[in-house]
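Visitor: What follows is query-v4.cif, made up of mmCIF, C-alpha atoms; chains and numbers go by the auth columns:
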```
data_start
#
loop_
_atom_site.group_PDB
_atom_site.id
_atom_site.type_symbol
_atom_site.label_atom_id
_atom_site.label_comp_id
_atom_site.label_asym_id
_atom_site.label_seq_id
_atom_site.Cartn_x
_atom_site.Cartn_y
_atom_site.Cartn_z
_atom_site.B_iso_or_equiv
_atom_site.auth_seq_id
_atom_site.auth_asym_id
ATOM 1 C CA MET A 1 0.000 0.000 0.000 0.00 1 A
ATOM 2 C CA GLY A 2 1.383 3.402 -0.936 0.00 2 A
ATOM 3 C CA ARG A 3 1.071 6.565 1.114 0.00 3 A
ATOM 4 C CA TRP A 4 1.133 9.882 -0.637 0.00 4 A
ATOM 5 C CA ILE A 5 1.212 13.566 0.188 0.00 5 A
ATOM 6 C CA ALA A 6 -0.083 15.933 -2.457 0.00 6 A
ATOM 7 C CA ILE A 7 0.293 19.678 -2.538 0.00 7 A
ATOM 8 C CA GLY A 8 -1.962 21.603 -4.836 0.00 8 A
ATOM 9 C CA LYS A 9 -4.419 24.404 -5.204 0.00 9 A
ATOM 10 C CA ALA A 10 -8.205 24.248 -4.831 0.00 10 A
ATOM 11 C CA THR A 11 -10.397 27.190 -5.688 0.00 11 A
ATOM 12 C CA GLY A 12 -12.861 28.101 -2.979 0.00 12 A
ATOM 13 C CA TRP A 13 -11.438 25.964 -0.200 0.00 13 A
ATOM 14 C CA ASP A 14 -10.539 29.054 1.799 0.00 14 A
ATOM 15 C CA ASP A 15 -14.238 29.023 2.741 0.00 15 A
ATOM 16 C CA PHE A 16 -14.958 26.496 5.477 0.00 16 A
ATOM 17 C CA ASP A 17 -18.470 25.648 4.306 0.00 17 A
ATOM 18 C CA ALA A 18 -17.164 24.817 0.845 0.00 18 A
ATOM 19 C CA PHE A 19 -14.282 22.830 2.346 0.00 19 A
ATOM 20 C CA ARG A 20 -16.657 20.867 4.558 0.00 20 A
ATOM 21 C CA ALA A 21 -19.132 20.232 1.757 0.00 21 A
ATOM 22 C CA ALA A 22 -16.356 18.839 -0.415 0.00 22 A
ATOM 23 C CA LEU A 23 -14.912 16.471 2.187 0.00 23 A
ATOM 24 C CA HIS A 24 -17.414 15.575 4.880 0.00 24 A
ATOM 25 C CA ALA A 25 -19.231 12.583 3.431 0.00 25 A
ATOM 26 C CA THR A 26 -17.609 9.175 3.661 0.00 26 A
ATOM 27 C CA SER A 27 -17.631 8.857 -0.095 0.00 27 A
ATOM 28 C CA ASP A 28 -15.564 12.048 -0.294 0.00 28 A
ATOM 29 C CA TRP A 29 -12.595 10.535 1.539 0.00 29 A
ATOM 30 C CA ARG A 30 -13.054 6.792 1.255 0.00 30 A
ATOM 31 C CA ILE A 31 -12.273 6.457 -2.420 0.00 31 A
ATOM 32 C CA ASP A 32 -12.703 2.690 -2.528 0.00 32 A
ATOM 33 C CA ARG A 33 -12.163 -0.297 -0.241 0.00 33 A
ATOM 34 C CA LYS A 34 -8.364 0.078 -0.444 0.00 34 A
ATOM 35 C CA SER A 35 -7.968 3.829 -0.771 0.00 35 A
ATOM 36 C CA SER A 36 -8.599 6.619 1.735 0.00 36 A
ATOM 37 C CA VAL A 37 -7.837 10.309 1.902 0.00 37 A
ATOM 38 C CA THR A 38 -6.890 10.502 5.576 0.00 38 A
ATOM 39 C CA SER A 39 -6.000 14.185 6.038 0.00 39 A
ATOM 40 C CA VAL A 40 -6.594 17.371 4.118 0.00 40 A
ATOM 41 C CA TYR A 41 -5.211 20.758 5.147 0.00 41 A
ATOM 42 C CA ALA A 42 -6.279 24.004 3.558 0.00 42 A
ATOM 43 C CA VAL A 43 -3.482 26.526 4.038 0.00 43 A
ATOM 44 C CA ALA A 44 -2.908 30.140 3.176 0.00 44 A
ATOM 45 C CA GLY A 45 -3.143 31.239 -0.426 0.00 45 A
ATOM 46 C CA GLY A 46 -5.634 28.578 -1.492 0.00 46 A
ATOM 47 C CA GLN A 47 -3.053 25.827 -1.184 0.00 47 A
ATOM 48 C CA VAL A 48 -4.144 22.352 -0.138 0.00 48 A
ATOM 49 C CA VAL A 49 -2.145 19.499 1.388 0.00 49 A
ATOM 50 C CA ALA A 50 -3.778 16.079 1.169 0.00 50 A
ATOM 51 C CA GLU A 51 -2.634 12.707 2.455 0.00 51 A
ATOM 52 C CA CYS A 52 -3.834 9.575 0.747 0.00 52 A
ATOM 53 C CA HIS A 53 -3.398 5.838 1.251 0.00 53 A
ATOM 54 C CA ALA A 54 -3.875 3.952 -1.974 0.00 54 A
ATOM 55 C CA PRO A 55 -2.346 1.065 -3.907 0.00 55 A
ATOM 56 C CA ASP A 56 -1.380 3.432 -6.694 0.00 56 A
ATOM 57 C CA ARG A 57 -0.560 7.128 -6.999 0.00 57 A
ATOM 58 C CA ALA A 58 -2.997 7.387 -9.894 0.00 58 A
ATOM 59 C CA VAL A 59 -5.864 6.890 -7.435 0.00 59 A
ATOM 60 C CA LEU A 60 -4.891 10.102 -5.648 0.00 60 A
ATOM 61 C CA GLU A 61 -4.427 11.956 -8.924 0.00 61 A
ATOM 62 C CA ALA A 62 -7.909 10.907 -10.032 0.00 62 A
ATOM 63 C CA TRP A 63 -9.410 11.965 -6.687 0.00 63 A
ATOM 64 C CA MET A 64 -7.711 15.375 -6.935 0.00 64 A
ATOM 65 C CA ALA A 65 -9.018 15.862 -10.446 0.00 65 A
ATOM 66 C CA LYS A 66 -12.527 14.948 -9.293 0.00 66 A
ATOM 67 C CA LYS A 67 -12.300 17.463 -6.457 0.00 67 A
ATOM 68 C CA GLY A 68 -10.933 20.206 -8.658 0.00 68 A
ATOM 69 C CA ILE A 69 -7.514 20.282 -7.018 0.00 69 A
ATOM 70 C CA VAL A 70 -4.707 21.225 -9.357 0.00 70 A
ATOM 71 C CA PRO A 71 -1.619 19.343 -8.120 0.00 71 A
ATOM 72 C CA ASP A 72 1.766 21.016 -7.750 0.00 72 A
ATOM 73 C CA THR A 73 3.645 18.020 -6.406 0.00 73 A
ATOM 74 C CA ILE A 74 2.931 14.534 -5.115 0.00 74 A
ATOM 75 C CA HIS A 75 5.388 12.776 -2.813 0.00 75 A
ATOM 76 C CA GLU A 76 5.520 9.218 -1.514 0.00 76 A
ATOM 77 C CA ILE A 77 5.684 9.127 2.292 0.00 77 A
ATOM 78 C CA SER A 78 8.577 7.270 3.913 0.00 78 A
ATOM 79 C CA PHE A 79 8.193 7.913 7.641 0.00 79 A
ATOM 80 C CA VAL A 80 5.550 9.484 9.855 0.00 80 A
ATOM 81 C CA ALA A 81 5.755 10.941 13.346 0.00 81 A
ATOM 82 C CA LYS A 82 2.525 11.779 15.157 0.00 82 A
ATOM 83 C CA THR A 83 2.647 13.091 18.701 0.00 83 A
ATOM 84 C CA GLY A 84 5.691 11.015 19.535 0.00 84 A
ATOM 85 C CA GLU A 85 4.757 7.826 17.699 0.00 85 A
ATOM 86 C CA THR A 86 6.862 7.068 14.678 0.00 86 A
ATOM 87 C CA TRP A 87 5.972 4.804 11.793 0.00 87 A
ATOM 88 C CA LYS A 88 7.857 3.466 8.824 0.00 88 A
ATOM 89 C CA VAL A 89 5.235 3.347 6.109 0.00 89 A
ATOM 90 C CA MET B 1 -33.093 5.441 16.162 0.00 1 B
ATOM 91 C CA THR B 2 -35.662 3.318 17.945 0.00 2 B
ATOM 92 C CA THR B 3 -36.631 4.209 21.496 0.00 3 B
ATOM 93 C CA ALA B 4 -37.416 1.701 24.220 0.00 4 B
ATOM 94 C CA GLN B 5 -40.977 3.018 24.357 0.00 5 B
ATOM 95 C CA GLU B 6 -41.434 2.478 20.631 0.00 6 B
ATOM 96 C CA LEU B 7 -40.372 -1.127 21.107 0.00 7 B
ATOM 97 C CA ARG B 8 -42.801 -1.537 24.013 0.00 8 B
ATOM 98 C CA ASP B 9 -45.606 -0.152 21.861 0.00 9 B
ATOM 99 C CA LYS B 10 -44.660 -2.080 18.747 0.00 10 B
ATOM 100 C CA PRO B 11 -47.571 -4.022 17.240 0.00 11 B
ATOM 101 C CA GLN B 12 -46.935 -7.719 16.717 0.00 12 B
ATOM 102 C CA THR B 13 -46.027 -8.906 13.242 0.00 13 B
ATOM 103 C CA TYR B 14 -47.940 -12.140 12.678 0.00 14 B
ATOM 104 C CA PHE B 15 -46.983 -15.014 10.431 0.00 15 B
ATOM 105 C CA GLU B 16 -49.920 -14.149 8.199 0.00 16 B
ATOM 106 C CA ASN B 17 -48.607 -10.575 7.757 0.00 17 B
ATOM 107 C CA ILE B 18 -45.615 -11.574 5.686 0.00 18 B
ATOM 108 C CA GLU B 19 -45.063 -13.218 2.329 0.00 19 B
ATOM 109 C CA VAL B 20 -42.138 -14.929 0.628 0.00 20 B
ATOM 110 C CA GLY B 21 -40.088 -12.305 -1.190 0.00 21 B
ATOM 111 C CA GLN B 22 -41.143 -9.527 1.162 0.00 22 B
ATOM 112 C CA GLU B 23 -38.543 -7.095 2.493 0.00 23 B
ATOM 113 C CA LEU B 24 -39.060 -6.574 6.216 0.00 24 B
ATOM 114 C CA PRO B 25 -38.565 -3.088 7.713 0.00 25 B
ATOM 115 C CA PRO B 26 -34.870 -2.129 7.851 0.00 26 B
ATOM 116 C CA LEU B 27 -32.876 -0.778 10.780 0.00 27 B
ATOM 117 C CA VAL B 28 -30.629 2.154 9.869 0.00 28 B
ATOM 118 C CA ILE B 29 -27.686 3.041 12.131 0.00 29 B
ATOM 119 C CA GLY B 30 -25.263 5.862 11.564 0.00 30 B
ATOM 120 C CA PRO B 31 -23.327 7.653 10.402 0.00 31 B
ATOM 121 C CA LEU B 32 -20.962 5.893 12.782 0.00 32 B
ATOM 122 C CA THR B 33 -18.378 8.001 14.581 0.00 33 B
ATOM 123 C CA PRO B 34 -15.103 7.105 16.333 0.00 34 B
ATOM 124 C CA THR B 35 -17.011 7.633 19.589 0.00 35 B
ATOM 125 C CA HIS B 36 -19.473 4.861 18.735 0.00 36 B
ATOM 126 C CA LEU B 37 -16.592 2.487 18.054 0.00 37 B
ATOM 127 C CA PHE B 38 -14.700 3.453 21.181 0.00 38 B
ATOM 128 C CA ARG B 39 -17.756 3.033 23.391 0.00 39 B
ATOM 129 C CA TRP B 40 -18.229 -0.496 22.071 0.00 40 B
ATOM 130 C CA SER B 41 -14.547 -1.312 22.650 0.00 41 B
ATOM 131 C CA ALA B 42 -14.876 -0.023 26.207 0.00 42 B
ATOM 132 C CA ALA B 43 -18.106 -1.885 26.858 0.00 43 B
ATOM 133 C CA ILE B 44 -16.709 -5.253 25.854 0.00 44 B
ATOM 134 C CA GLU B 45 -13.090 -4.505 26.832 0.00 45 B
ATOM 135 C CA ASN B 46 -11.741 -5.033 23.333 0.00 46 B
ATOM 136 C CA TRP B 47 -8.533 -3.012 23.368 0.00 47 B
ATOM 137 C CA HIS B 48 -7.196 -3.851 19.930 0.00 48 B
ATOM 138 C CA ARG B 49 -5.861 -0.546 18.634 0.00 49 B
ATOM 139 C CA ILE B 50 -7.417 -0.963 15.180 0.00 50 B
ATOM 140 C CA HIS B 51 -10.739 -0.030 16.805 0.00 51 B
ATOM 141 C CA TYR B 52 -9.780 3.296 18.401 0.00 52 B
ATOM 142 C CA ASP B 53 -6.260 4.397 17.408 0.00 53 B
ATOM 143 C CA GLN B 54 -6.447 5.937 13.961 0.00 54 B
ATOM 144 C CA ALA B 55 -2.687 6.366 13.498 0.00 55 B
ATOM 145 C CA PHE B 56 -2.062 2.727 14.425 0.00 56 B
ATOM 146 C CA ALA B 57 -4.862 1.505 12.184 0.00 57 B
ATOM 147 C CA ILE B 58 -3.640 3.506 9.207 0.00 58 B
ATOM 148 C CA TYR B 59 0.146 3.513 9.486 0.00 59 B
ATOM 149 C CA HIS B 60 0.783 0.187 11.153 0.00 60 B
ATOM 150 C CA GLU B 61 -2.069 -1.932 9.855 0.00 61 B
ATOM 151 C CA GLY B 62 -2.605 -0.255 6.489 0.00 62 B
ATOM 152 C CA LEU B 63 -6.333 0.077 7.074 0.00 63 B
ATOM 153 C CA PRO B 64 -8.519 2.874 5.695 0.00 64 B
ATOM 154 C CA ASN B 65 -9.460 4.019 9.225 0.00 65 B
ATOM 155 C CA ILE B 66 -10.365 2.484 12.577 0.00 66 B
ATOM 156 C CA LEU B 67 -12.753 -0.440 12.080 0.00 67 B
ATOM 157 C CA ALA B 68 -16.109 -1.338 13.564 0.00 68 B
ATOM 158 C CA GLN B 69 -15.754 -4.459 15.675 0.00 69 B
ATOM 159 C CA GLY B 70 -16.982 -7.824 14.450 0.00 70 B
ATOM 160 C CA SER B 71 -18.668 -8.279 17.818 0.00 71 B
ATOM 161 C CA TRP B 72 -20.595 -5.044 17.236 0.00 72 B
ATOM 162 C CA LYS B 73 -21.987 -6.475 14.015 0.00 73 B
ATOM 163 C CA GLN B 74 -22.758 -9.693 15.876 0.00 74 B
ATOM 164 C CA SER B 75 -24.807 -7.694 18.355 0.00 75 B
ATOM 165 C CA ILE B 76 -26.606 -5.494 15.852 0.00 76 B
ATOM 166 C CA LEU B 77 -28.005 -8.138 13.511 0.00 77 B
ATOM 167 C CA PRO B 78 -29.544 -10.199 16.348 0.00 78 B
ATOM 168 C CA ARG B 79 -30.921 -6.972 17.852 0.00 79 B
ATOM 169 C CA TYR B 80 -32.512 -6.131 14.505 0.00 80 B
ATOM 170 C CA LEU B 81 -34.125 -9.571 14.294 0.00 81 B
ATOM 171 C CA LYS B 82 -35.245 -9.413 17.924 0.00 82 B
ATOM 172 C CA ASP B 83 -36.909 -6.051 17.295 0.00 83 B
ATOM 173 C CA LEU B 84 -38.698 -7.471 14.222 0.00 84 B
ATOM 174 C CA CYS B 85 -40.146 -10.263 16.374 0.00 85 B
ATOM 175 C CA LEU B 86 -41.245 -8.201 19.378 0.00 86 B
ATOM 176 C CA PRO B 87 -43.268 -8.504 21.483 0.00 87 B
ATOM 177 C CA ASP B 88 -44.159 -12.214 21.243 0.00 88 B
ATOM 178 C CA GLY B 89 -41.964 -13.714 18.516 0.00 89 B
ATOM 179 C CA TRP B 90 -38.483 -15.163 18.806 0.00 90 B
ATOM 180 C CA ALA B 91 -35.312 -14.424 16.871 0.00 91 B
ATOM 181 C CA TRP B 92 -34.124 -18.011 16.630 0.00 92 B
ATOM 182 C CA LYS B 93 -30.970 -18.155 14.531 0.00 93 B
ATOM 183 C CA VAL B 94 -28.709 -15.979 12.446 0.00 94 B
ATOM 184 C CA THR B 95 -25.516 -16.776 10.614 0.00 95 B
ATOM 185 C CA PHE B 96 -23.520 -14.375 8.476 0.00 96 B
ATOM 186 C CA GLN B 97 -20.119 -13.582 7.053 0.00 97 B
ATOM 187 C CA HIS B 98 -17.867 -10.644 7.869 0.00 98 B
ATOM 188 C CA ARG B 99 -16.996 -9.030 4.552 0.00 99 B
ATOM 189 C CA ALA B 100 -16.686 -5.304 3.842 0.00 100 B
ATOM 190 C CA MET B 101 -15.046 -3.242 6.585 0.00 101 B
ATOM 191 C CA ILE B 102 -17.218 -0.710 8.408 0.00 102 B
ATOM 192 C CA VAL B 103 -15.482 2.556 9.306 0.00 103 B
ATOM 193 C CA PRO B 104 -16.496 5.906 10.830 0.00 104 B
ATOM 194 C CA GLY B 105 -18.714 7.819 8.434 0.00 105 B
ATOM 195 C CA ASP B 106 -20.494 4.701 7.241 0.00 106 B
ATOM 196 C CA THR B 107 -24.229 4.342 7.680 0.00 107 B
ATOM 197 C CA VAL B 108 -25.361 0.758 8.077 0.00 108 B
ATOM 198 C CA THR B 109 -28.725 -0.618 7.000 0.00 109 B
ATOM 199 C CA CYS B 110 -29.750 -3.959 8.462 0.00 110 B
ATOM 200 C CA TRP B 111 -32.138 -5.647 6.054 0.00 111 B
ATOM 201 C CA SER B 112 -34.003 -8.914 5.646 0.00 112 B
ATOM 202 C CA ARG B 113 -35.981 -10.665 2.937 0.00 113 B
ATOM 203 C CA VAL B 114 -38.359 -13.592 3.444 0.00 114 B
ATOM 204 C CA THR B 115 -37.228 -16.690 1.556 0.00 115 B
ATOM 205 C CA LYS B 116 -39.498 -19.365 3.029 0.00 116 B
ATOM 206 C CA LYS B 117 -42.442 -19.771 5.445 0.00 117 B
ATOM 207 C CA GLN B 118 -43.332 -22.870 7.423 0.00 118 B
ATOM 208 C CA GLU B 119 -46.255 -23.355 9.789 0.00 119 B
ATOM 209 C CA ILE B 120 -45.167 -25.989 12.272 0.00 120 B
ATOM 210 C CA ASP B 121 -46.771 -26.993 15.545 0.00 121 B
ATOM 211 C CA GLY B 122 -48.942 -23.897 15.632 0.00 122 B
ATOM 212 C CA MET B 123 -46.055 -21.476 15.088 0.00 123 B
ATOM 213 C CA GLY B 124 -44.708 -19.585 12.094 0.00 124 B
ATOM 214 C CA ILE B 125 -41.117 -20.301 11.105 0.00 125 B
ATOM 215 C CA VAL B 126 -39.798 -17.618 8.766 0.00 126 B
ATOM 216 C CA HIS B 127 -36.564 -18.075 6.817 0.00 127 B
ATOM 217 C CA LEU B 128 -34.733 -14.899 5.873 0.00 128 B
ATOM 218 C CA ASP B 129 -31.826 -13.616 3.860 0.00 129 B
ATOM 219 C CA VAL B 130 -30.216 -10.896 5.966 0.00 130 B
ATOM 220 C CA GLY B 131 -27.346 -8.436 5.796 0.00 131 B
ATOM 221 C CA MET B 132 -25.854 -5.097 6.735 0.00 132 B
ATOM 222 C CA ARG B 133 -25.575 -2.840 3.720 0.00 133 B
ATOM 223 C CA LEU B 134 -23.295 0.184 3.661 0.00 134 B
ATOM 224 C CA ASP B 135 -24.349 3.470 2.115 0.00 135 B
ATOM 225 C CA SER B 136 -21.893 2.728 -0.686 0.00 136 B
ATOM 226 C CA GLY B 137 -24.126 -0.233 -1.573 0.00 137 B
ATOM 227 C CA GLU B 138 -21.564 -2.785 -0.415 0.00 138 B
ATOM 228 C CA GLU B 139 -22.853 -5.736 1.578 0.00 139 B
ATOM 229 C CA SER B 140 -20.886 -6.121 4.797 0.00 140 B
ATOM 230 C CA CYS B 141 -22.560 -9.120 6.428 0.00 141 B
ATOM 231 C CA PRO B 142 -24.491 -11.415 4.070 0.00 142 B
ATOM 232 C CA GLY B 143 -26.257 -14.239 5.841 0.00 143 B
ATOM 233 C CA THR B 144 -29.430 -16.094 6.684 0.00 144 B
ATOM 234 C CA ALA B 145 -31.721 -16.206 9.694 0.00 145 B
ATOM 235 C CA LYS B 146 -34.773 -17.921 11.104 0.00 146 B
ATOM 236 C CA ILE B 147 -37.364 -16.182 13.217 0.00 147 B
ATOM 237 C CA VAL B 148 -40.476 -17.557 14.883 0.00 148 B
ATOM 238 C CA LEU B 149 -43.698 -15.550 14.705 0.00 149 B
ATOM 239 C CA PRO B 150 -47.037 -16.283 16.307 0.00 150 B
ATOM 240 C CA LEU B 151 -50.070 -17.085 14.177 0.00 151 B
ATOM 241 C CA ARG B 152 -52.943 -14.643 14.501 0.00 152 B
ATOM 242 C CA GLY B 153 -55.168 -16.079 17.207 0.00 153 B
ATOM 243 C CA GLY B 154 -52.739 -18.978 17.641 0.00 154 B
ATOM 244 C CA ARG B 155 -50.729 -20.168 20.587 0.00 155 B
ATOM 245 C CA ALA B 156 -47.920 -18.139 22.077 0.00 156 B
ATOM 246 C CA VAL B 157 -44.357 -18.755 21.000 0.00 157 B
ATOM 247 C CA PRO B 158 -42.765 -20.370 24.081 0.00 158 B
ATOM 248 C CA TYR B 159 -40.387 -18.211 26.090 0.00 159 B
ATOM 249 C CA PRO B 160 -37.664 -19.282 25.787 0.00 160 B
ATOM 250 C CA PHE B 161 -38.154 -20.948 22.435 0.00 161 B
ATOM 251 C CA GLU B 162 -36.697 -24.458 22.547 0.00 162 B
ATOM 252 C CA PRO B 163 -37.221 -26.260 19.249 0.00 163 B
ATOM 253 C CA SER B 164 -38.232 -29.915 19.307 0.00 164 B
ATOM 254 C CA LYS B 165 -36.248 -32.500 17.356 0.00 165 B
ATOM 255 C CA GLU B 166 -39.142 -32.748 14.922 0.00 166 B
ATOM 256 C CA LEU B 167 -39.141 -28.988 14.370 0.00 167 B
ATOM 257 C CA LEU B 168 -35.389 -29.013 13.831 0.00 168 B
ATOM 258 C CA GLU B 169 -35.777 -31.711 11.179 0.00 169 B
ATOM 259 C CA LEU B 170 -38.631 -29.924 9.466 0.00 170 B
ATOM 260 C CA THR B 171 -36.649 -26.664 9.341 0.00 171 B
ATOM 261 C CA GLU B 172 -33.483 -28.436 8.128 0.00 172 B
ATOM 262 C CA ASP B 173 -31.673 -27.726 11.380 0.00 173 B
ATOM 263 C CA ALA B 174 -31.321 -31.324 12.501 0.00 174 B
ATOM 264 C CA ASP B 175 -27.540 -31.232 12.232 0.00 175 B
#
```
Kindly present the structure from the file in structure tokens form.

Guide:
Amino acid sequence: MGRWIAIGKATGWDDFDAFRAALHATSDWRIDRKSSVTSVYAVAGGQVVAECHAPDRAVLEAWMAKKGIVPDTIHEISFVAKTGETWKV
Amino acid sequence: MTTAQELRDKPQTYFENIEVGQELPPLVIGPLTPTHLFRWSAAIENWHRIHYDQAFAIYHEGLPNILAQGSWKQSILPRYLKDLCLPDGWAWKVTFQHRAMIVPGDTVTCWSRVTKKQEIDGMGIVHLDVGMRLDSGEESCPGTAKIVLPLRGGRAVPYPFEPSKELLELTEDAD
């Protein structure tokens, strides 16, 4: 299973209601049985950072296209640290 | 959501009320939240981290999120059947498979469809296909069940229901 971080730009996601509407429902983040978008951050300037777990990077690219996110870069994740717990992924 | 009072006031479904092929009323639960899952883990003291620790579930186990417990599903389907039978019927048997994972955000619909009816010894034996369908349309728990319903004006279903050997044979449960 691959883990990916994407950085891109999404028009309108500087408005919380629009952000919520785009991501709240299960079908918005659970792409299929093997693929989930686990975190999305909207940051200054309309930039978006999204984390995705999927067998293939193309799954994330397709999800971003569906959501109207224009990708700048997509990186494969190697290690994660969350509040002191570290994971090799 | 069904309240206790609604269950107390529920009118009896009689054997004569249902037909083969009929879909019985569903039970809809959800959307599930991490709190629902954690409360179940706490209640039954199931401390496997895949049920409450999202980072562990995702990064260590490679799962899409924390997962609803199998024992939760095993409690919900019998509850659904019990509620269908109230006040005087008996949810006799249910068997099902654990298939699609259930995660926070999912809404679960317990469903049942009548596949066969048998009137035996003054009671109504109803065979069902059952399951728990996700809002994505995926079937999480396909299975079968048998419930016992009273006949209108007939004798009460014994409490507890203890099937005779003859009844077991007639309902293909002799094994």

Visitor: Mind pulling up the distance from CA of Gly89 (chain B) to CA of Asp129 (chain B)?

Guide: 17.8 Å

Visitor: Find the residue from A:Ser35, A:Phe16, A:Lys9, A:Val89 that sits nearest to Ala58 (chain A); use all atoms listed in the file when measuring.

Guide: A:Ser35

Visitor: Since I can't run it myself right now, could you work out what the PyMOL selection byres ((chain A and resi 73) around 12) selects here and report it as a list in words?

Guide: Trp4, Ile5, Ala6, Ile7, Gly8, Lys9, Gln47, Val48, Val49, Ala50, Arg57, Leu60, Glu61, Met64, Ile69, Val70, Pro71, Asp72, Ile74, His75 and Glu76 of chain A

Visitor: Expressed in Å to a single decimal, how great is the separation between CA of Ser164 (chain B) and CA of Ile147 (chain B)?

Guide: 15.0 Å

Visitor: So which residues get picked by the PyMOL selection byres ((chain A) within 8 of (chain B)) here, written as a ChimeraX atom specification?

Guide: /A:1,25-27,30,33-36,38,53,82,87-89
